[in-house]
Structures are given as C-alpha cells and as structure tokens.
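Next comes structure03.txt, with compact mmCIF, C-alpha atoms.
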```txt
# COMPACT_ATOMS: atom_id res chain seq x y z
CA MET A 1 21.06 -3.90 19.03
CA THR A 2 22.92 -6.62 20.88
CA GLU A 3 21.29 -9.56 22.58
CA ASN A 4 21.85 -10.76 26.12
CA LEU A 5 22.45 -14.38 27.16
CA ASN A 6 18.69 -15.06 27.37
CA SER A 7 18.33 -14.25 23.64
CA GLU A 8 16.07 -11.31 24.50
CA PRO A 9 16.74 -8.03 22.71
CA GLU A 10 18.47 -5.40 24.76
CA VAL A 11 16.08 -2.66 25.80
CA ARG A 12 17.33 0.89 25.43
CA ASP A 13 16.63 3.40 28.16
CA LEU A 14 14.46 6.18 26.74
CA ALA A 15 16.77 8.72 28.39
CA GLU A 16 19.56 7.53 26.09
CA ILE A 17 17.61 7.90 22.83
CA PRO A 18 18.01 11.24 21.03
CA ALA A 19 14.78 13.22 20.67
CA ILE A 20 14.97 13.22 16.86
CA GLU A 21 15.02 9.41 16.88
CA VAL A 22 11.95 9.26 19.13
CA ILE A 23 10.11 11.76 16.89
CA THR A 24 11.10 9.94 13.70
CA ARG A 25 10.07 6.55 15.10
CA ALA A 26 6.72 7.97 16.20
CA ALA A 27 6.19 9.43 12.71
CA VAL A 28 7.04 6.11 11.06
CA MET A 29 4.63 4.29 13.38
CA LEU A 30 1.84 6.75 12.54
CA MET A 31 2.61 6.41 8.82
CA SER A 32 2.56 2.62 8.97
CA ALA A 33 -0.68 2.53 10.94
CA ALA A 34 -2.34 5.00 8.56
CA ALA A 35 -1.21 2.98 5.54
CA GLU A 36 -2.78 -0.15 7.07
CA LYS A 37 -6.04 1.72 7.79
CA LEU A 38 -6.06 2.88 4.17
CA GLY A 39 -5.67 -0.72 3.02
CA LEU A 40 -2.39 0.03 1.27
CA SER A 41 -0.91 -3.34 2.18
CA GLU A 42 -3.44 -5.06 -0.11
CA GLN A 43 -3.38 -5.44 -3.90
CA ASP A 44 -6.80 -3.73 -3.94
CA PRO A 45 -7.01 -1.35 -0.96
CA SER A 46 -10.80 -1.11 -1.26
CA THR A 47 -11.13 -4.79 -0.30
CA SER A 48 -8.78 -4.65 2.67
CA PRO A 49 -10.28 -6.00 5.90
CA HIS A 50 -8.33 -3.23 7.67
CA LEU A 51 -9.78 -0.34 5.65
CA ASP A 52 -11.07 2.26 8.11
CA LEU A 53 -11.09 5.83 6.85
CA ASP A 54 -12.16 7.30 10.20
CA GLU A 55 -9.13 5.74 11.88
CA ALA A 56 -6.87 6.72 8.96
CA ARG A 57 -8.05 10.35 9.23
CA LYS A 58 -7.06 10.47 12.91
CA LEU A 59 -3.64 8.95 12.28
CA ILE A 60 -2.87 11.22 9.31
CA THR A 61 -3.95 14.31 11.25
CA ALA A 62 -1.73 13.31 14.18
CA LEU A 63 1.16 12.67 11.79
CA ALA A 64 0.71 16.09 10.16
CA GLY A 65 0.75 17.78 13.56
CA LEU A 66 3.88 15.92 14.63
CA ILE A 67 5.75 16.68 11.41
CA GLN A 68 4.71 20.33 11.22
CA SER A 69 5.57 21.00 14.85
CA SER A 70 8.95 19.23 14.54
CA VAL A 71 10.00 20.28 11.03
CA ALA A 72 12.75 22.62 12.23
CA ASP A 73 14.37 19.75 14.14
CA LEU A 74 13.90 16.98 11.56
CA GLY A 75 16.88 17.97 9.41
CA ILE A 76 17.50 15.48 6.61
CA HIS A 77 14.39 13.49 7.61
CA ALA A 78 11.96 16.37 6.99
CA SER A 79 11.62 15.91 3.24
CA ALA A 80 11.02 12.16 3.38
CA LEU A 81 8.46 12.49 6.18
CA ARG A 82 6.63 15.28 4.36
CA ASP A 83 6.56 13.18 1.16
CA GLY A 84 5.19 10.21 3.09
CA LEU A 85 2.53 12.39 4.70
CA LYS A 86 1.49 13.80 1.32
CA SER A 87 1.25 10.30 -0.14
CA LEU A 88 -1.04 9.23 2.69
CA GLN A 89 -3.18 12.35 2.29
CA LEU A 90 -3.55 11.66 -1.43
CA ALA A 91 -4.33 7.98 -0.79
CA PHE A 92 -7.00 9.06 1.69
CA ARG A 93 -8.56 11.38 -0.88
CA GLU A 94 -8.53 8.57 -3.46
CA ALA A 95 -10.10 6.08 -1.03
CA SER A 96 -12.91 8.46 -0.05
CA ALA A 97 -16.26 8.01 -1.77
CA HIS A 98 -16.88 11.73 -1.20
CA PRO A 99 -13.47 13.43 -0.95
CA ASP A 100 -13.12 16.39 1.41
CA ASP A 101 -12.93 19.87 -0.05
CA PRO A 102 -9.36 21.08 -0.62
CA GLY A 103 -7.84 22.07 2.71
CA GLN A 104 -10.35 19.98 4.69
CA GLY A 105 -8.73 16.55 4.35
CA PRO A 106 -6.81 14.89 7.16
CA GLY A 107 -3.86 17.00 8.27
CA GLU A 108 -4.53 19.69 5.67
CA LYS A 109 -5.17 22.31 8.36
CA GLN A 110 -1.51 21.83 9.28
CA THR A 111 -0.05 21.32 5.79
CA GLY A 112 -2.37 23.27 3.54
CA PRO A 113 -4.35 21.76 0.67
CA VAL A 114 -2.76 18.71 -0.92
CA ALA A 115 -2.65 18.57 -4.70
CA ASP A 116 -1.57 15.73 -7.00
```
Is it possible to give me this structure as structure tokens?
Amino acid sequence: MTENLNSEPEVRDLAEIPAIEVITRAAVMLMSAAAEKLGLSEQDPSTSPHLDLDEARKLITALAGLIQSSVADLGIHASALRDGLKSLQLAFREASAHPDDPGQGPGEKQTGPVAD
C-alpha cells in the first residue's frame, strides 16, 4: 500500500478487492480473534485475561461456516485455513473443563468431529 502526502494509508475501494481476498481476510480475522479468546497469546492460556470460551465458540463456529461454504473458491488457501481451524477446535477442546462430545464442539457440525 502506498501512502499519500498526509502520511495516511491509502484506502482501497472494496469494489476493487477480489472476493477471495475479502474471504481470506475475514477468515484470518476470525482466527485471530478466536485465538485471543482462547488465551493463545499467553504463555499459559488458562491465565489469560482474554480467555472466554463462549466467545471463542462463536468465532470458531463462524470461521468453520465461512471456510466450509467457501472451500471450492479458496484454492491454495484452503488447506492452511482448514489446518488453522482444526488447531483452534483442538485448542478449544483442550481449554474446556468439560469437553464437548465428538461432533458437538465449535464448528464441528460443519467440519465433522475433530480428532488429534
């Protein structure tokens, strides 16, 4: 991105951004937010002030829906996004005091049961 004379970043018109870039950026934002809500930015996630499994569940479920509904269009990005989703699903299971039954965890209705 180039900068204008006021040192403000140039803003791209959404109409100019390819759909796959919008979808990928949305997925990355959901992944990042879910990781924060799982406390994954901390040495010990269980002590994170941001740990919120209810919020993480919502974000992971939304991410699973986005990835599953877009998988045919994701091309080379599909594998990495699926791997990231699976990692978050496993981290959620690990963070849960009473893990969901297989197939009942966040996003598992879209992806199927997640196994180690």
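Minimum atom-to-atom distances from A:Ala15, A:Ala91, A:Val22, A:Ala97 to Leu66 (chain A) were compared using all atoms listed in the file, and the lowest value belongs to A:Val22.
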As a PDB file with C-alpha atoms, in the frame of the given file, please: the residues near Val28 (chain A) (cut-off 12 Å, only C-alpha atoms, same-chain neighbours under 5 positions excluded).
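After the write, result.pdb holds the following:
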```pdb
ATOM      1  CA  GLU A  21      15.020   9.410  16.880  1.00  0.00           C
ATOM      2  CA  VAL A  22      11.950   9.260  19.130  1.00  0.00           C
ATOM      3  CA  ILE A  23      10.110  11.760  16.890  1.00  0.00           C
ATOM      4  CA  ALA A  33      -0.680   2.530  10.940  1.00  0.00           C
ATOM      5  CA  ALA A  34      -2.340   5.000   8.560  1.00  0.00           C
ATOM      6  CA  ALA A  35      -1.210   2.980   5.540  1.00  0.00           C
ATOM      7  CA  LEU A  59      -3.640   8.950  12.280  1.00  0.00           C
ATOM      8  CA  ILE A  60      -2.870  11.220   9.310  1.00  0.00           C
ATOM      9  CA  ALA A  62      -1.730  13.310  14.180  1.00  0.00           C
ATOM     10  CA  LEU A  63       1.160  12.670  11.790  1.00  0.00           C
ATOM     11  CA  ALA A  64       0.710  16.090  10.160  1.00  0.00           C
ATOM     12  CA  LEU A  66       3.880  15.920  14.630  1.00  0.00           C
ATOM     13  CA  ILE A  67       5.750  16.680  11.410  1.00  0.00           C
ATOM     14  CA  HIS A  77      14.390  13.490   7.610  1.00  0.00           C
ATOM     15  CA  ALA A  80      11.020  12.160   3.380  1.00  0.00           C
ATOM     16  CA  LEU A  81       8.460  12.490   6.180  1.00  0.00           C
ATOM     17  CA  ARG A  82       6.630  15.280   4.360  1.00  0.00           C
ATOM     18  CA  GLY A  84       5.190  10.210   3.090  1.00  0.00           C
ATOM     19  CA  LEU A  85       2.530  12.390   4.700  1.00  0.00           C
TER      20      LEU A  85
END
```
Point to revise | Shell of 12 Å around Asp54 (chain A), all atoms listed in the file, local chain residues under 2 positions omitted, as number ranges by chain | key: A: 34, 37-38, 50-52, 56-61, 92, 95-96, 105-106
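The interatomic distance for the pair CA of Ser69 (chain A) and CA of Gly39 (chain A) works out to 27.2 Å.
CA of His98 (chain A) lies 18.7 Å from CA of Asp44 (chain A).
A straight line drawn from CA of Leu30 (chain A) to CA of Thr47 (chain A) is 21.6 Å long.
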Exercise for review: Show which residues sit within 12 Å of Glu94 (chain A), as a PyMOL selection string. Count all atoms listed in the file, and ignore same-chain residues fewer than 4 positions away.
Suggested key: chain A and resi 38-40+45-46+53+87-90+98-100+105+114-116
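Of the residues listed (A:Gly112, A:Pro49, A:Gly65, A:Asp73), A:Asp73 shows the shortest atom-to-atom separation from Ala19 (chain A); distances use all atoms listed in the file.
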Practice item. May I have the residues within 7 Å of Gly103 (chain A) as a PyMOL selection string, using all atoms listed in the file and disregarding those fewer than 3 positions away in the same chain? Key: chain A and resi 108-109+112-113
